[in-house]
Each structure stands twice: as structure tokens, then as C-alpha cells.
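Everything on this sheet refers to the single structure shown next.
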Amino acid sequence: MIAVLQVLALLVALTAVVAGLIRLAFVPFSVAFEIRHRGQRVEGALVTADTIFDEHPFVTVVVPAYNEEVVIEHCLRSILRSAYDRYEVIAVDDGSSDDTYARMQGVAADSARITALTQPNAGKGAALNTGIARARGSVIMLVDADGLFGPHTIIRMLRGFTDDGVGAVCGNDRPVNLDRLQTKFLALISHLGTGLMRRAMSELHCVPVVSGNVGAYRREVLDGTGPLREDTVGEDLELTWRVYALGRRITFAPHALLYAESPSTPRALWRQRVRWARGLLQVTRLHWRMVGNPRHGMFGAFLVFNTLTQIVVPFLQVLGLLLLVGFALAGQQTSLPIDAWAVLLFVGLPLSVALLLLSVALDRTPRDLMYVWTLPIWPVYSGVMTLVMIRAVWLELSGAENRWNKLHRTGTVSVEGLVDDGPSPGS
């Protein structure tokens with residue numbers, strides 16, 4: 001039993017070192033991004049978009065919703081408090097069985113900016129297509145129904161359209177429900193993705209996905225890609241790949257903040273990540289010709305790296321674990337001494353923590369360091385996430401039904417200043 005535990009520790013430590021070294025390679029690009037965009041964050045004042053568009057573009061915010069009665073009102077009212085004044089909101093109820101549509105209508109009755117629509121249940125992609133078809137904006141934002149806008153979210157998304165080559169912008173989504181160990185942990189480590197990796201990917205012109213939580217697209221780009229697919233659980237990822245297929249770039253807008261709920265239970269987290277992994281499998285199958293294709297520049301090359309690390313490596317990790325456990329149970333000596341885990345741990349943990357601190361610094365969120373006490377669950381989290389792709393592959397091979405599988409909303413808002421049920425300015 002002790003030998004098996006040593007093997008598990010070895011695998012965790014080795015994974016930490018490899019992941020840390022990969023992220024370390026992206027640090028120069030993250031820093032370069034921050035230097036180039038250091039002037040884009042302006043506190044307390046409306047930032048104009050004159051340097052990006054000939055005039056202030058009209059923006060349509062599309063909000064699909066299915067059984068979101070707990071959060072939909074707060075989402076819509078947060079949008080109505082935007083400092084930017086040229087926008088509309090199209091909220092689409094996807095055949096909810098609760099009071100989602102009635103609550104949409106209630107907010108819409110208070111503001112001419114909001115159009116509330118309903119349709120028979122057909123999935124998130126279909127709801128987004130319904131909203132896009134009714135949109136009047138030259139820029140269309142796609143957001144989830146639990147998202148909470150800050151006053152400058154829209155204008156800072158617009159600032160991501162730095163030139164005509166940019167077809168879409170990915171905003172910065174952060175957890176809003178910081179009431180549990182799991183959500184506090186996710187709030188902290190999520191900076192590795194937003195603070196570090198998204199900045200680097202934007203600098204390298206290969207942002208892997210425009211977040212379904214908060215993304216903005218030029219209207220002509222969506223006209224070029226065509227409707228979102230309704231037969232995949234990764235509609236945001238699939239649309240992202242089609243934007244690149246058009247020859248357009250995607251940028252990251254780190255200061256365009258949107259706060260949304262993180263999974264609050266282990267089961268919800270597992271289901272979310274399996275859905276993401278399954279979406280990646282489906283999109284890779286649909287657009288496999290893009291992987292490594294030089295026509296798509298850096299993004300084509302990135303897809304090779306992404307396919308290996310996200311799809312292939314988890315299987316190699318599980319295979320390696322099974323082999324090491326087998327050797328340990330048989331009492332045979334492995335080629336890598338078991339004691340080596342201590343050396344790997346000594347290297348991997350400090351590297352991971354250092355990268356996390358850099359990510360928090362880039363995101364300018366030192367307050368999240370108050371959750372550093374949650375980091376001991378990091379190895380467990382990493383181990384479980386390794387199995388996510390295995391489960392996703394099984395579901396694909398077994399032909400399991402595609403489902404929206406949205407998170408159960410709690411309505412918890414732990415960030416001050418985001419919720420206000422009073423009158424909305426500019427409505």
C-alpha cells in the first residue's frame with residue numbers, strides 16, 4: 001500500500017513539473033501582452049472607442065437562458081447599469097420549466113432596451129441563434145444568464161477590437177460565488193488561465209476559445225461563420241475555430257470583467273469539465289483539417305499542441321499510472337526511483353506557486369491570495385481532472401446524448417457592488 005501511495009505521489013509531482021514548465025514557456029508572451037496593453041485600464045471614467053471604430057458601435061447583448069429564474073434578473077439589471085449607452089439586450093428563454101421567461105418579461109417591462117423572447121427547448125446553440133437573428137448591433141456579445149456586468153464591461157470589450165483583423169474578443173470571467181472551499185480554490189487557480197495563459201495566447205494570436213460567459217463578435221464575422229451549431233456541447237469552442245477559419249484573429253480583454261458562478265459542488269465541477277472535454281472532442285472531429293494546417297498560422301500550430309496536451313496526454317498519464325502501480329504491486333524496480341518524487345515535488349510545487357503569484361499580479365487581484373489556504377487540494381484536483389477526458393471519450397464512443405447540462409445556480413453573489421435591484425440608469 002505504501003508503494004502504491006508513493007507511485008501516486010510520483011505521478012502528481014511529475015505532472016506538476018511538466019505543467020509548470022509548459023506554463024513557464026508562456027511567461028514572456030504574457031508579460032509582453034501586459035506591456036503592450038498597460039494603458040487600456042481606466043478606473044472611474046468612461047473610455048471612448050473612437051480609436052477603434054469610426055463611431056461608437058451599436059452593441060447587442062444576447063443572453064440565452066434555461067431554468068435560470070434564480071439569476072436572470074440580476075444578470076439583466078447589471079447590463080442595464082452599463083456606462084456605455086448604445087446597446088440593446090435580447091434575452092432568449094429556451095423553453096424553461098420555471099419562471100425564467102416571466103422574470104425576463106418583468107425586467108423588460110422596466111426598460112425598452114430589453115427584448116424578451118421564448119422558444120421551445122432546443123439547446124443553448126439554438127437559443128443563441130434566435131437572439132443573433134434578432135440582433136441589430138454591429139457588435140454582438142454572447143453571455144451566459146448568470147453573468148454580472150460591471151459598468152465598463154461593454155466598453156472594455158470594444159477596446160479589444162484593436163484593428164480590422166480582429167474578429168472576436170474574449171472577456172475575463174471571474175467567479176462570483178466565493179462561499180465554499182471549492183469556489184474559493186477555483187477563484188484562485190483560475191488566474192493561471194486568465195492572468196497567464198489567455199494573455200500569452202492573445203499575444204501569439206491563438207486564443208483557444210472565446211468564453212461562452214463573455215465574448216464579443218463583429219456582426220460581419222458572425223455572418224461569415226454562419227449560425228452556431230446546435231449539435232455540439234461546445235458551441236462556443238466550435239464558433240471560435242470558425243472565426244480563425246475565416247482568417248480573423250481573436251484577442252483577450254483582461255479588464256472586461258464579468259462575474260459568473262463557478263461549480264459549487266464536486267459533482268457539478270466534474271459534469272462541467274466533462275462537457276468541456278466532450279466539446280473539444282466534437283470540435284476536433286468536425287475541424288480536424290485545421291490541426292497543424294499552415295493556412296491557419298499560429299492557431300493551426302497551436303491546435304497540434306492542444307490536441308496532444310488535452311486529448312492524448314491524459315491517456316498517457318493514466319497508462320503510466322497503471323504501469324507504475326503494477327510495478328509497485330509486483331515488487332519490481334521501476335526505471336525511475338520512487339524516491340525521485342520528492343525531488344520532483346521540490347521543483348514542481350514552488351514553480352507552480354510562483355506562476356500562480358505572477359498570474360494574480362497580472363490580473364491585479366491580490367485579494368484572492370486570501371484563499372491560498374485552499375491550495376492543498378490542488379494535487380487532488382489535478383488528478384481528478386486527468387480523468388475528465390477519459391470520461392468524455394467514453395461518452396462520445398457510446399453515443400451519449402448531447403445535453404446543455406447547465407450548472408445548478410445558487411444565486412450567491414460574494415463580490416460587492418454587482419447586485420442592485422433599484423432603478424437602472426439609462427433604461
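Chain labels follow the order of the C-alpha cells: the first chain is A, the next B, and so on; residue numbering restarts at 1 in every chain, and ligands are counted from 1 in their shown order.
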**Request:** Would you mind listing what lies within 9 Å of Met141 of chain A as a list of chain:residue names, with only C-alpha atoms counted and same-chain residues fewer than 6 positions away left out?
**Result:** A:Val59, A:Thr60, A:Val61, A:Val62, A:Val63, A:Ile154, A:Met157, A:Val214, A:Gly215, A:Ala216, A:Tyr217, A:Arg218
**Neighbour list for Ser30 of chain A as JSON, numbers by chain, cut-off 12 Å, only C-alpha atoms, skip fewer than 6 positions in-chain** = {"A": [23, 24, 36, 37, 38, 192, 193, 194, 195, 196, 197, 198, 199, 200, 201, 202, 203, 204, 252, 254, 355, 358, 359, 361, 362, 363]}
**Request:** Give the helix (DSSP H, G or I) residues of segment 153-321 of chain A, as assigned by DSSP on the backbone, as a VMD selection string.
**Result:** chain A and resid 153 to 158 181 to 203 219 to 225 235 to 245 266 to 286 288 to 290 294 to 321
Preceding selection exported with C-alpha atoms as an mmCIF file, in the first residue's frame:
data_model
loop_
_atom_site.group_PDB
_atom_site.id
_atom_site.type_symbol
_atom_site.label_atom_id
_atom_site.label_comp_id
_atom_site.auth_asym_id
_atom_site.auth_seq_id
_atom_site.Cartn_x
_atom_site.Cartn_y
_atom_site.Cartn_z
ATOM 1 C CA THR A 153 -17.608 45.707 -19.273
ATOM 2 C CA ILE A 154 -19.036 46.603 -22.701
ATOM 3 C CA ILE A 155 -16.639 49.443 -23.484
ATOM 4 C CA ARG A 156 -13.632 47.383 -22.443
ATOM 5 C CA MET A 157 -14.788 44.564 -24.698
ATOM 6 C CA LEU A 158 -14.946 47.061 -27.568
ATOM 7 C CA LEU A 181 -13.880 25.852 -0.295
ATOM 8 C CA GLN A 182 -14.196 24.682 -3.893
ATOM 9 C CA THR A 183 -15.239 28.027 -5.363
ATOM 10 C CA LYS A 184 -12.525 29.880 -3.447
ATOM 11 C CA PHE A 185 -9.945 27.421 -4.755
ATOM 12 C CA LEU A 186 -11.237 27.801 -8.323
ATOM 13 C CA ALA A 187 -11.184 31.603 -7.994
ATOM 14 C CA LEU A 188 -7.506 31.441 -7.089
ATOM 15 C CA ILE A 189 -6.198 28.956 -9.646
ATOM 16 C CA SER A 190 -8.346 30.387 -12.445
ATOM 17 C CA HIS A 191 -5.810 33.208 -12.662
ATOM 18 C CA LEU A 192 -3.390 30.759 -14.264
ATOM 19 C CA GLY A 193 -5.782 30.635 -17.190
ATOM 20 C CA THR A 194 -6.865 34.275 -17.316
ATOM 21 C CA GLY A 195 -3.841 36.043 -15.914
ATOM 22 C CA LEU A 196 -1.182 33.986 -17.628
ATOM 23 C CA MET A 197 -2.347 31.738 -20.449
ATOM 24 C CA ARG A 198 -5.022 33.901 -22.101
ATOM 25 C CA ARG A 199 -2.626 36.848 -22.224
ATOM 26 C CA ALA A 200 0.063 34.677 -23.803
ATOM 27 C CA MET A 201 -2.364 33.090 -26.272
ATOM 28 C CA SER A 202 -3.637 36.505 -27.304
ATOM 29 C CA GLU A 203 -0.072 37.678 -27.908
ATOM 30 C CA ARG A 219 -21.557 41.203 -36.978
ATOM 31 C CA GLU A 220 -19.898 40.577 -40.325
ATOM 32 C CA VAL A 221 -17.837 37.791 -38.756
ATOM 33 C CA LEU A 222 -20.942 36.007 -37.496
ATOM 34 C CA ASP A 223 -22.480 36.456 -40.934
ATOM 35 C CA GLY A 224 -19.370 34.782 -42.357
ATOM 36 C CA THR A 225 -19.300 31.870 -39.926
ATOM 37 C CA GLU A 235 -20.802 25.668 -29.330
ATOM 38 C CA ASP A 236 -18.512 28.472 -28.126
ATOM 39 C CA LEU A 237 -15.375 26.488 -28.974
ATOM 40 C CA GLU A 238 -16.709 25.458 -32.379
ATOM 41 C CA LEU A 239 -17.569 29.056 -33.233
ATOM 42 C CA THR A 240 -14.081 30.146 -32.167
ATOM 43 C CA TRP A 241 -12.459 27.729 -34.597
ATOM 44 C CA ARG A 242 -14.675 29.013 -37.429
ATOM 45 C CA VAL A 243 -13.603 32.584 -36.688
ATOM 46 C CA TYR A 244 -9.992 31.507 -37.198
ATOM 47 C CA ALA A 245 -11.003 29.609 -40.345
ATOM 48 C CA PRO A 266 -17.557 18.357 -6.879
ATOM 49 C CA ARG A 267 -20.299 16.716 -8.956
ATOM 50 C CA ALA A 268 -21.131 19.970 -10.722
ATOM 51 C CA LEU A 269 -17.450 20.644 -11.406
ATOM 52 C CA TRP A 270 -16.989 17.144 -12.819
ATOM 53 C CA ARG A 271 -20.009 17.472 -15.125
ATOM 54 C CA GLN A 272 -18.883 20.895 -16.356
ATOM 55 C CA ARG A 273 -15.361 19.761 -17.160
ATOM 56 C CA VAL A 274 -16.571 16.570 -18.846
ATOM 57 C CA ARG A 275 -18.853 18.721 -21.011
ATOM 58 C CA TRP A 276 -15.932 20.964 -21.930
ATOM 59 C CA ALA A 277 -13.777 17.956 -22.789
ATOM 60 C CA ARG A 278 -16.524 16.393 -24.838
ATOM 61 C CA GLY A 279 -16.992 19.658 -26.675
ATOM 62 C CA LEU A 280 -13.281 19.671 -27.538
ATOM 63 C CA LEU A 281 -13.541 16.139 -28.911
ATOM 64 C CA GLN A 282 -16.545 17.047 -31.054
ATOM 65 C CA VAL A 283 -14.987 20.227 -32.418
ATOM 66 C CA THR A 284 -11.687 18.481 -33.147
ATOM 67 C CA ARG A 285 -13.573 15.810 -35.082
ATOM 68 C CA LEU A 286 -15.537 18.426 -37.025
ATOM 69 C CA TRP A 288 -9.610 18.087 -37.831
ATOM 70 C CA ARG A 289 -8.221 19.558 -41.054
ATOM 71 C CA MET A 290 -7.334 22.721 -39.134
ATOM 72 C CA PRO A 294 -0.204 26.139 -42.008
ATOM 73 C CA ARG A 295 -3.049 28.069 -43.663
ATOM 74 C CA HIS A 296 -4.226 28.962 -40.164
ATOM 75 C CA GLY A 297 -0.874 30.268 -38.993
ATOM 76 C CA MET A 298 -0.105 30.094 -35.290
ATOM 77 C CA PHE A 299 -3.569 28.778 -34.489
ATOM 78 C CA GLY A 300 -3.059 25.724 -36.688
ATOM 79 C CA ALA A 301 0.236 25.004 -34.938
ATOM 80 C CA PHE A 302 -1.347 25.590 -31.531
ATOM 81 C CA LEU A 303 -4.030 23.017 -32.290
ATOM 82 C CA VAL A 304 -1.331 20.336 -32.536
ATOM 83 C CA PHE A 305 -0.095 21.286 -29.057
ATOM 84 C CA ASN A 306 -3.666 21.498 -27.748
ATOM 85 C CA THR A 307 -4.637 18.092 -29.149
ATOM 86 C CA LEU A 308 -1.598 16.443 -27.588
ATOM 87 C CA THR A 309 -1.899 18.058 -24.157
ATOM 88 C CA GLN A 310 -5.684 17.990 -23.801
ATOM 89 C CA ILE A 311 -6.620 14.714 -25.524
ATOM 90 C CA VAL A 312 -3.554 12.458 -25.769
ATOM 91 C CA VAL A 313 -1.617 13.246 -22.580
ATOM 92 C CA PRO A 314 -4.433 12.283 -20.138
ATOM 93 C CA PHE A 315 -4.434 8.767 -21.596
ATOM 94 C CA LEU A 316 -0.643 8.579 -21.323
ATOM 95 C CA GLN A 317 -0.857 9.716 -17.699
ATOM 96 C CA VAL A 318 -3.390 7.029 -16.838
ATOM 97 C CA LEU A 319 -1.356 4.414 -18.690
ATOM 98 C CA GLY A 320 1.795 5.497 -16.867
ATOM 99 C CA LEU A 321 -0.017 5.334 -13.543
#
**Request:** Select, from A:Asn67, A:Asn172, A:Ser78, A:Thr115, the residue with the minimum atom-to-atom distance to Ile90 of chain A, counting only C-alpha atoms.
**Result:** A:Thr115
**Atom-to-atom span, atom CA of Arg248 of chain A and atom CA of Ala91 of chain A, Å** = 27.5 Å
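Summary of the local environment: counting only C-alpha atoms, residues at most 12 Å from Thr412 of chain A, other than itself and those fewer than 3 positions away along its chain, are Val70, Val71, His74, Asp146, Gly147, Leu148, Pro175, Val176, Asn177, Leu178, Asp179, Arg180, Thr183, Tyr259, Ala260, Glu261, Ser262, Pro263, Ser264, His408, Arg409, Val415, Glu416, Leu418 and Val419 of chain A.
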Residues of the last selection are to be written out with N, CA and C atoms, as a compact mmCIF listing (two decimals), in the first residue's frame.
# COMPACT_ATOMS: atom_id res chain seq x y z
N VAL A 70 -33.29 31.97 -10.89
CA VAL A 70 -32.55 32.44 -9.71
C VAL A 70 -31.63 33.61 -10.05
N VAL A 71 -31.13 33.66 -11.29
CA VAL A 71 -30.07 34.63 -11.61
C VAL A 71 -30.41 35.60 -12.73
N HIS A 74 -30.83 39.52 -11.99
CA HIS A 74 -29.59 40.20 -11.63
C HIS A 74 -28.70 40.39 -12.86
N ASP A 146 -26.06 33.81 -15.96
CA ASP A 146 -25.63 34.08 -14.58
C ASP A 146 -24.57 35.16 -14.53
N GLY A 147 -24.22 35.73 -15.67
CA GLY A 147 -23.15 36.73 -15.71
C GLY A 147 -23.59 38.07 -15.14
N LEU A 148 -22.68 38.71 -14.42
CA LEU A 148 -22.93 40.04 -13.86
C LEU A 148 -21.92 41.01 -14.44
N PRO A 175 -15.11 34.17 -10.89
CA PRO A 175 -16.14 33.59 -10.02
C PRO A 175 -16.80 34.65 -9.13
N VAL A 176 -18.10 34.50 -8.94
CA VAL A 176 -18.85 35.44 -8.10
C VAL A 176 -19.31 34.80 -6.79
N ASN A 177 -19.39 33.47 -6.76
CA ASN A 177 -19.90 32.75 -5.58
C ASN A 177 -18.73 32.19 -4.76
N LEU A 178 -18.18 33.03 -3.92
CA LEU A 178 -16.98 32.67 -3.16
C LEU A 178 -17.35 32.28 -1.73
N ASP A 179 -18.32 31.36 -1.60
CA ASP A 179 -18.82 30.99 -0.29
C ASP A 179 -18.42 29.59 0.14
N ARG A 180 -17.64 28.88 -0.69
CA ARG A 180 -17.27 27.50 -0.38
C ARG A 180 -15.80 27.26 -0.68
N THR A 183 -15.16 26.82 -4.53
CA THR A 183 -15.24 28.03 -5.36
C THR A 183 -14.10 29.00 -5.04
N TYR A 259 -18.61 38.65 -13.89
CA TYR A 259 -18.60 37.71 -12.77
C TYR A 259 -19.71 36.69 -12.95
N ALA A 260 -19.36 35.41 -12.81
CA ALA A 260 -20.32 34.34 -13.01
C ALA A 260 -20.09 33.24 -11.98
N GLU A 261 -21.07 32.38 -11.84
CA GLU A 261 -20.96 31.32 -10.84
C GLU A 261 -20.01 30.22 -11.30
N SER A 262 -19.16 29.78 -10.37
CA SER A 262 -18.35 28.59 -10.56
C SER A 262 -19.09 27.39 -10.00
N PRO A 263 -18.77 26.18 -10.47
CA PRO A 263 -19.41 25.00 -9.89
C PRO A 263 -19.18 24.95 -8.39
N SER A 264 -20.24 24.75 -7.63
CA SER A 264 -20.14 24.82 -6.18
C SER A 264 -20.04 23.46 -5.50
N HIS A 408 -26.36 24.03 -11.72
CA HIS A 408 -27.42 24.46 -10.80
C HIS A 408 -26.99 25.78 -10.18
N ARG A 409 -27.81 26.81 -10.33
CA ARG A 409 -27.46 28.13 -9.84
C ARG A 409 -27.86 28.28 -8.37
N VAL A 415 -19.25 39.22 -4.41
CA VAL A 415 -18.50 40.40 -4.82
C VAL A 415 -19.38 41.63 -4.64
N GLU A 416 -18.91 42.59 -3.90
CA GLU A 416 -19.70 43.78 -3.60
C GLU A 416 -19.92 44.65 -4.84
N LEU A 418 -22.15 44.45 -7.28
CA LEU A 418 -22.61 43.87 -8.55
C LEU A 418 -24.13 43.75 -8.62
N VAL A 419 -24.78 43.72 -7.49
CA VAL A 419 -26.23 43.50 -7.45
C VAL A 419 -26.90 44.71 -6.86
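Counting from atom CA of His56 of chain A, the distance to atom CA of Asp110 of chain A is 24.8 Å.
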**Prompt:** Where does DSSP see strand (DSSP E or B) in segment 107-280 of chain A, if you list the residues as a ChimeraX atom specification?
**Reply:** /A:114-119,139-143,148-149,166-175,214-218,249-260
**Request:** One decimal, Å: what's the distance from atom CA of Val233 of chain A over to atom CA of Gly399 of chain A, could you say?
**Result:** 13.1 Å
